[in-house]
Every structure is written in C-alpha cells, then in structure tokens.
Amino acid sequence: MAPNMNPKKVPIPEQKPEERIKNFNEVALGYTPEQAKEEAMRCLQCKARPCVAGCPVNVKIPEFIKQVAEGNFDEAYRILVSENCLPAICGRVCPQETQCEILCVRGKKGEPVGIGRLERFVADVAMEKGSQEIPEIKKNGVRVAIAGGGPAGLTCAGELARLGYDVTIFEALHALGGVLMYGIPEFRLPKKLVEKEIAVALKLGVKIEKNVIIGKSITVDELFQEGFRAIFIGCGAGLPSFMKIEGENLNGVYSANEFLTRTNLMKAYDFPKSPTPIKIGKRVAVIGGGNVAMDAARTAKRLGAEEVYIVYRRSETELPARAEEVHHAKEEGIIFKLLRNPVKILGKDGWVVGMECVEMELGEPDESGRRRPVVKKGSNFNFPVDTVIVAIGGTPNPLIRQTTPGLQVQKWGGIIVDEATMKTSKENVYAGGDIVTGAATVILAMGAGKKAAHAIHEALQEKELSSLV
Amino acid sequence: MYPILAKTKLNHNVDEMVIRAPFVARRCEPGQFIILRVDPEGERIPLTIAEYDAKAGTVTIIYQIVGYTTQRLSEKNVGDTLEDFVGPLGKATEIHPCKRVIGIGGGVGAAPLYPQLKKFHELGVSVDLILGARNKDLIILEEKFSKFCKNIYITTDDGSYGTKGLVTDKLKELVAKGEKYDEVIAIGPLIMMKFVSLLTKPWNLKTNVSLNPVMVDGTGMCGGCRVTVGGETKFVCVDGPDFDGHQVDYDELMRRQGMYKTEEAHVCKVGLRSA
C-alpha cells in the first residue's frame, strides 16, 4: 500500500465552539473508521521509528498504526494495551505534540501523523465492541500496596497484576482516577469513559480500597506489618498553591482544584440534581497559563460566565498549556490577558468585585529557561471581576512524608527517588508521578508507574531467589 | 459500604449514629473528623467524630439536621449503609497534661467536645463543663459528660433548663468567683467560639476551638476550608480543625460559611419536595 502523502492530518470532527460552550459533552468527536485508516496510511512505517522513543511508556506506535491502516482494529488494540493500559485516556490528554508526534518524520514537511487521534480511535472502538481480552495470569501471591489511584498508581497496579502480583490500591477519594476524575473536565475526558477504561485495566484482579488515606487511615510502616512486600506511592501534588496576596479568602475566590473538583467529580454542573453547588459569576478571571487554567476557564464558560479571562504573567510563547488547549480556549471566546499579574483581590461585603493588577514585561531568562516576568513600575490598574480562580499549581500531599520515617523528600516536599527505578530512600518503597516531579502530565506519571512496577518486580524476584538459596 | 449499626435520636433535630468503618476507627484520636457521602450521587460533608472503638471498628457521629445531606442521612436507619466514610481526617487535638480545664459545648458542638474532655480526664486533668443551647431540648450528652466532669453548668437562651443566658455569661461568672482554669476548650457555633475567645483573651486564658467549615475532599486538595489564623491562611482540613481561639478570624470564616446560602436553600426545597 502506498502511503498517503497528504502533508496535513485528517481533521478530527469537533463540536462547533458556539454549541459546545453550552454543554459539557466532549469537544472532539473522534475519527470514523475511514478517517482513521486514511490517517494511518500517512505513517511511513520508517525503520528509525523515533516516535516510540518519545513515548514515556514506549507504545509500539508504527505497529499499531499499521494494523489500523489494514483495518485490523482488534489487533491494533492488542498492540496498544500491551504497553499502555489506558489508551482511550492517553489518546485524549497526552501532549503528543511534544512527545511522539514531535519526532515523527512526517513532521519535517507538513504535519506529523496524528498518533493521539489514532490511539483514541483504536481504544474507543475496542471499548465500544467490548473486545478487550483479559490475559490469563499466574498469581504469585506476593502483596504490593499502591497509595493513590491516579494515573501513576493505576499503571503501576496494572503492570504488577499482569506480572502475577496481588495488588491493592488505596484511594483517598470515593472514586478512582485521581486527576482524570476530579481535574480534567468532562468535555475533554468523559468520566464514563475513564471509569470504563480503569475497570478494564483492573480486571486483572487488582483490589481497591476506596476512602483510605495512607498516612491517616493507615501508615506505610503499618502496610508492611500487614504483609505488603513493596509499596508504590503515587498520591500526587494535590495541595493547591495560592498567591499569598490580599483578598484571597474573599467569597468568590477558588483554587482551580476546588473549582474543577466541584464541577467534575461532584458534578456541580448538574446542580441541583447533584447536591454539590458551585458559584459562578458574570466575569471570571483565571490566574495561570497551564492546562489546568485552560480547563478552569473553559469550564467557567460552560457554567454560564459571560466573560472569562486568562490572566498570565508571561507572554503567549511561555504559556505552559498545550497549544491545542489554548486554541480551543480561544475558539470558545476565552480572553487572554497576557503579561498581567494580580497584586490584590478587591472585595465588597466579603465578595470579590475585582483585582488590582500590574503589567509585566519579560526580562532575562530564569532557572526554568523562560524569560522572567518583571513588574512595570506604576502600571497598576483595576480589573473588575466577580470570580477568581487560582490555577498556579500545587505542592505534594504532606500526609505520607509526615508519617513515614526514613522517606527523604526535597525542600518543596517532593519525594526523592532514583530515576532509573523510582526507588525512594526507604527500603521497598517506590514513588512516582506528581509527588516526585511536581505538577506534570498524566503520561509522565504513567511512565513512572510502569518503571516502578518493573523495578519492584526485579527487586522482589531477586529476594525470592536469594531466599531459596 | 459502611453499615449503620445503631441510631439514636438525641433530640428532634440531632441524631447519633454508630458506623462500622474499621479503617477510620483504627487510628482515630480526639479532635479528628470524617467525610461521608450518603449515596452514590451524594455530596461530601465533614462531620466531627464523637466516639470511636478501634477494636470494634466503629465510629460514632452526632449530627444536626441542617441541610439536604444531613436530612438524607437522618432518613437512614440501622441496617442501611452509607456510600462513603473516610478518615480520620485532620490533626488530633494536642492535649497537654495540666491541672484543670473547662469545656464549653454549644448545641451539637458538645459532640466533638466529648472525646477531647474524656481524654483530658483520662490524663488526670480535672474537667468542668458548660453546655449551652437555645432550649432544654437541644442540650445533648449531659449524662455521658456527667460520668467524668466535676461540675456541669447548663445555660439556655430561654431559661427552660439551667441558667437563662449565654455560655459566656456563665464563664464570666465562674472566673469572677475565682475559679481557675489552665485551658478553655470551646466547640459550638462560630459566633459562640468568637465571643468565648474575645472573653478569654484579656485574661490570657488559653482557648482551643474546633472549626468545621465548607470543604470538599478533606485532605488538603481543594483549599475551600481556608481560614485566617494569626494573619496566615490555614487549611482547616490538614492544619486543623483545632486552632488557638485567640488567633482565628471568625468574621471571615462566618462570611465564607455563607458562600452557598442561596444554593443550599434551593437544594433543601428540592429535597423536601422529593421526600
């Protein structure tokens, strides 16, 4: 078959901006089988396969795409899940443009192959058909505990279960998925799909203990006493940071975490059918420029805000959000106030009425390599808003480090690990995801979970062998 | 799922429930709280722990029916289950051995006060107590407290039981009489804790309060429970719920408590209609 040499990706059908800002349904609608085959034909099946190296979980990209091109969608799914247990999720939320797709040879002249779109297509078809098979596993009876049921923990659990381990996930909330459930909005990642894909991944016999907080309900040391042989900590960077400026405790100021958790996990958009309420004003300012800021802004729009602003202290080039998210936000009428920073939140009768902001300009690059924003003297101005959402990241959950002697952490609270194995300073304890890196992506957390699973397997096998000698 | 093992009505508006929740009970300490959801689509609400039994794996909660979720909760009976029940959350009360303390429980605030005072008593501290409420019907747990409290003073707004007046009047009277306390532990409505703290501050009398603001997850993730303590923002769920009463910005907290008043009124109406 001759490859499809069209320099552009087959466009993915999407809901129109003017329609989608009125609902929480998914924005991108996904490829039809014909569109998927046409896009898959753009892959040259090159020998170098640079894309695979760019994937944190090393999905066999050309192999699965070849099967799509030939119409063997079941086989494509088998290849995909052999390396990635959450493909429908990753196809939607991975930053392919900086990982696999950026390395694609087709990208040199035109657009790279739409790897993410194809991954999503294959996973969706399999889920629709229910064609996921459960491999037969020989259980070894060795118990491993996972703290946190987010992307890192789920991946680690899935990998270990496949290797025969008796795995238990301890999750603090009432639902598995972590940021996939509470953080990423329904219109980007439908929750029904997350639940379904997690259920498939855990069909391997993983046990779930919801509503258990490691460090509160039970400690790491107690888990070892209970007979767990290794523990993986993947409980995220869940504590929201605030700006520490005047007025942040006024009514109408939310952390993005609270705003998104109320809307996604607690379904506040369905109030009063769902009993959890949310307050949304007419003019909403979201502080920050990452994916979470885009999610919060687009959510605010859908909740009925008339004007929604992204207020970010650097310029457009430095926006940490994915290009696609920024593009979607703009399409939906989100207004970008760049090189602006709030210095004070203004209130009346206890409620937000505006922000005092300053203008910024870019100076010399800082330690992150991005140009440092500097305040323009005397540029203060008032900006009337009635809701402020702070989306400037978070810090690691302190509960585990406070209750686990021997666990070494960074000054900012992140757990220190050996990057090759994700092993911590405490014996048989591994960690990965945002609690190690600080706020990062779903796929990096999954990569860490996978790496840790294999390191745990190796370590425990060695122990088994040495105990036999 | 978390089975309800016992349920008692303490008055027309307050229930006591014993829940089987081994993971919560095993590490429970006075001052901590739980978060529960009544049913699969339910809201998460925080409630303080009144009693716990690690061996039996049970936790006792006492709640006042104030809104949609507590109404739904009160419709559950022995044999029913709760969808979610997570904890123990928050820091345990720091109980310093001393000579003599006085607890002040306003309304349903008597419930979280109970394990704290009991612990003081177990450490050999002499414990006095003021229980206050609007009327006699709303005074709870008096008998339980009487097992270890040296003196119990009751105040009611309408004088239907004990002395007519406020808990602060009683405390003022006791101190004026020359009673000496090392610490006051005040738990009740924000307005009560505010005025107890205002009273004890000039006396330099250590006052510990327990806060129960709006929260979602209870593990530090949402930040909805922010409160200013000593000029600094704290998260009640992970830094509290106990704080030095003299440092808390009560006015800000009362305002924040009212953030969803309109929505709550709405959902209550909806709830009653469907009931």
# chains A, B, ... in the order shown; residues from 1 in each chain; ligands from 1
call {"tool": "interface_residues", "arguments": {"of": "chain A", "to": "chain B", "cutoff": "6 Å", "atoms": "only C-alpha atoms", "output": "PyMOL selection string"}}
result
chain A and resi 211+217+238-239+251+257-258+272+275-276
call {"tool": "residues_around", "arguments": {"residues": "Thr441 of chain A", "least_positions_apart": "3", "cutoff": "12 Å", "atoms": "only C-alpha atoms", "output": "PyMOL selection string"}}
result
chain A and resi 56+90+93-96+98-99+150-152+179-180+183-184+236-237+290-292+320-322+432-435+437-438+444-448
call {"tool": "closest_residue", "arguments": {"among": "B:Leu5, B:Val108, B:Leu82, B:Ile152", "to": "Asp137 of chain B", "atoms": "only C-alpha atoms"}}
result
B:Val108
call {"tool": "closest_residue", "arguments": {"among": "B:Gly109, B:Gly124, B:Gly165, B:Gly159", "to": "Gly31 of chain B", "atoms": "only C-alpha atoms"}}
result
B:Gly109
call {"tool": "residues_around", "arguments": {"residues": "Asp80 of chain B", "least_positions_apart": "6", "cutoff": "9 Å", "atoms": "only C-alpha atoms", "output": "PyMOL selection string"}}
result
chain B and resi 2-5
call {"tool": "write_last_selection", "arguments": {"atoms": "N, CA and C atoms", "output": "CSV table (one decimal), in the first residue's frame"}}
result
chain,number,residue,atom,x,y,z
B,2,TYR,N,-20.6,1.3,54.2
B,2,TYR,CA,-20.4,1.4,55.7
B,2,TYR,C,-21.7,1.2,56.4
B,3,PRO,N,-21.9,0.1,57.1
B,3,PRO,CA,-23.2,-0.2,57.7
B,3,PRO,C,-23.5,0.7,58.9
B,4,ILE,N,-24.7,1.0,59.1
B,4,ILE,CA,-25.2,1.8,60.3
B,4,ILE,C,-25.5,0.7,61.3
B,5,LEU,N,-24.8,0.7,62.5
B,5,LEU,CA,-25.1,-0.3,63.5
B,5,LEU,C,-26.0,0.1,64.5
call {"tool": "select_by_dssp", "arguments": {"residues": "segment 199-265 of chain A", "states": "strand (DSSP E or B)", "output": "PyMOL selection string"}}
result
chain A and resi 207-209+214+218+230-233+239-240+246+251+253-255
call {"tool": "select_by_dssp", "arguments": {"residues": "segment 336-434 of chain A", "states": "alpha helix (DSSP H)", "output": "ChimeraX atom specification"}}
result
/A:399-403,434
call {"tool": "residues_around", "arguments": {"residues": "Asp157 of chain B", "least_positions_apart": "3", "cutoff": "8 Å", "atoms": "only C-alpha atoms", "output": "PDB file with all heavy atoms, in the first residue's frame"}}
result
ATOM      1  N   ALA B 133     -27.382  25.942  74.962  1.00  0.00           N
ATOM      2  CA  ALA B 133     -28.231  25.751  73.776  1.00  0.00           C
ATOM      3  C   ALA B 133     -29.382  26.738  73.846  1.00  0.00           C
ATOM      4  O   ALA B 133     -29.536  27.449  74.843  1.00  0.00           O
ATOM      5  CB  ALA B 133     -28.761  24.327  73.708  1.00  0.00           C
ATOM      6  N   ARG B 134     -30.195  26.740  72.766  1.00  0.00           N
ATOM      7  CA  ARG B 134     -31.329  27.661  72.763  1.00  0.00           C
ATOM      8  C   ARG B 134     -32.358  27.270  73.815  1.00  0.00           C
ATOM      9  O   ARG B 134     -32.885  28.106  74.513  1.00  0.00           O
ATOM     10  CB  ARG B 134     -31.982  27.693  71.371  1.00  0.00           C
ATOM     11  CG  ARG B 134     -31.182  28.460  70.337  1.00  0.00           C
ATOM     12  CD  ARG B 134     -32.069  28.927  69.180  1.00  0.00           C
ATOM     13  NE  ARG B 134     -32.878  27.849  68.648  1.00  0.00           N
ATOM     14  CZ  ARG B 134     -32.446  26.940  67.762  1.00  0.00           C
ATOM     15  NH1 ARG B 134     -31.207  27.002  67.316  1.00  0.00           N
ATOM     16  NH2 ARG B 134     -33.249  25.983  67.319  1.00  0.00           N
ATOM     17  N   ASN B 135     -32.612  25.935  73.926  1.00  0.00           N
ATOM     18  CA  ASN B 135     -33.569  25.487  74.944  1.00  0.00           C
ATOM     19  C   ASN B 135     -33.191  24.098  75.448  1.00  0.00           C
ATOM     20  O   ASN B 135     -32.231  23.489  74.963  1.00  0.00           O
ATOM     21  CB  ASN B 135     -34.991  25.496  74.384  1.00  0.00           C
ATOM     22  CG  ASN B 135     -35.094  24.620  73.146  1.00  0.00           C
ATOM     23  OD1 ASN B 135     -34.652  23.465  73.158  1.00  0.00           O
ATOM     24  ND2 ASN B 135     -35.631  25.175  72.066  1.00  0.00           N
ATOM     25  N   SER B 160     -35.236  27.506  79.823  1.00  0.00           N
ATOM     26  CA  SER B 160     -36.028  26.290  80.034  1.00  0.00           C
ATOM     27  C   SER B 160     -35.235  25.216  80.781  1.00  0.00           C
ATOM     28  O   SER B 160     -35.793  24.223  81.223  1.00  0.00           O
ATOM     29  CB  SER B 160     -36.535  25.748  78.698  1.00  0.00           C
ATOM     30  OG  SER B 160     -35.459  25.576  77.793  1.00  0.00           O
ATOM     31  N   LYS B 164     -30.709  30.871  82.673  1.00  0.00           N
ATOM     32  CA  LYS B 164     -31.061  31.599  81.457  1.00  0.00           C
ATOM     33  C   LYS B 164     -29.877  32.493  81.086  1.00  0.00           C
ATOM     34  O   LYS B 164     -29.394  33.263  81.924  1.00  0.00           O
ATOM     35  CB  LYS B 164     -32.316  32.430  81.702  1.00  0.00           C
ATOM     36  CG  LYS B 164     -32.794  33.156  80.470  1.00  0.00           C
ATOM     37  CD  LYS B 164     -34.090  33.895  80.716  1.00  0.00           C
ATOM     38  CE  LYS B 164     -34.272  34.838  79.549  1.00  0.00           C
ATOM     39  NZ  LYS B 164     -35.563  35.022  79.064  1.00  0.00           N
ATOM     40  N   GLY B 165     -29.422  32.386  79.869  1.00  0.00           N
ATOM     41  CA  GLY B 165     -28.300  33.217  79.442  1.00  0.00           C
ATOM     42  C   GLY B 165     -27.378  32.476  78.504  1.00  0.00           C
ATOM     43  O   GLY B 165     -27.714  31.398  77.998  1.00  0.00           O
ATOM     44  N   LEU B 166     -26.206  33.083  78.262  1.00  0.00           N
ATOM     45  CA  LEU B 166     -25.252  32.520  77.314  1.00  0.00           C
ATOM     46  C   LEU B 166     -24.112  31.823  78.044  1.00  0.00           C
ATOM     47  O   LEU B 166     -23.875  32.073  79.225  1.00  0.00           O
ATOM     48  CB  LEU B 166     -24.671  33.646  76.449  1.00  0.00           C
ATOM     49  CG  LEU B 166     -25.689  34.455  75.642  1.00  0.00           C
ATOM     50  CD1 LEU B 166     -25.014  35.664  75.008  1.00  0.00           C
ATOM     51  CD2 LEU B 166     -26.340  33.587  74.564  1.00  0.00           C
TER      52      LEU B 166
END
call {"tool": "residues_around", "arguments": {"residues": "Val417 of chain A", "least_positions_apart": "3", "cutoff": "8 Å", "atoms": "only C-alpha atoms", "output": "list of chain:residue names"}}
result
A:Thr421, A:Met422, A:Lys423, A:Thr424, A:Ser425, A:Tyr430, A:Ala431, A:Val436
call {"tool": "residues_around", "arguments": {"residues": "Ala92 of chain B", "least_positions_apart": "3", "cutoff": "7 Å", "atoms": "only C-alpha atoms", "output": "list in words"}}
result
Glu29, Pro30, Gly31 and Gln32 of chain B
call {"tool": "write_last_selection", "arguments": {"atoms": "N, CA, C and O atoms", "output": "mmCIF file, in the first residue's frame"}}
result
data_model
loop_
_atom_site.group_PDB
_atom_site.id
_atom_site.type_symbol
_atom_site.label_atom_id
_atom_site.label_comp_id
_atom_site.auth_asym_id
_atom_site.auth_seq_id
_atom_site.Cartn_x
_atom_site.Cartn_y
_atom_site.Cartn_z
ATOM 1 N N GLU B 29 -8.270 9.662 66.804
ATOM 2 C CA GLU B 29 -7.909 10.363 68.038
ATOM 3 C C GLU B 29 -8.877 11.525 68.245
ATOM 4 O O GLU B 29 -9.479 12.010 67.283
ATOM 5 N N PRO B 30 -9.015 11.994 69.483
ATOM 6 C CA PRO B 30 -9.927 13.115 69.736
ATOM 7 C C PRO B 30 -9.583 14.318 68.867
ATOM 8 O O PRO B 30 -8.405 14.618 68.663
ATOM 9 N N GLY B 31 -10.599 14.983 68.377
ATOM 10 C CA GLY B 31 -10.383 16.190 67.577
ATOM 11 C C GLY B 31 -10.475 15.934 66.087
ATOM 12 O O GLY B 31 -10.580 16.870 65.306
ATOM 13 N N GLN B 32 -10.403 14.673 65.670
ATOM 14 C CA GLN B 32 -10.398 14.399 64.228
ATOM 15 C C GLN B 32 -11.818 14.312 63.672
ATOM 16 O O GLN B 32 -12.785 14.276 64.419
#
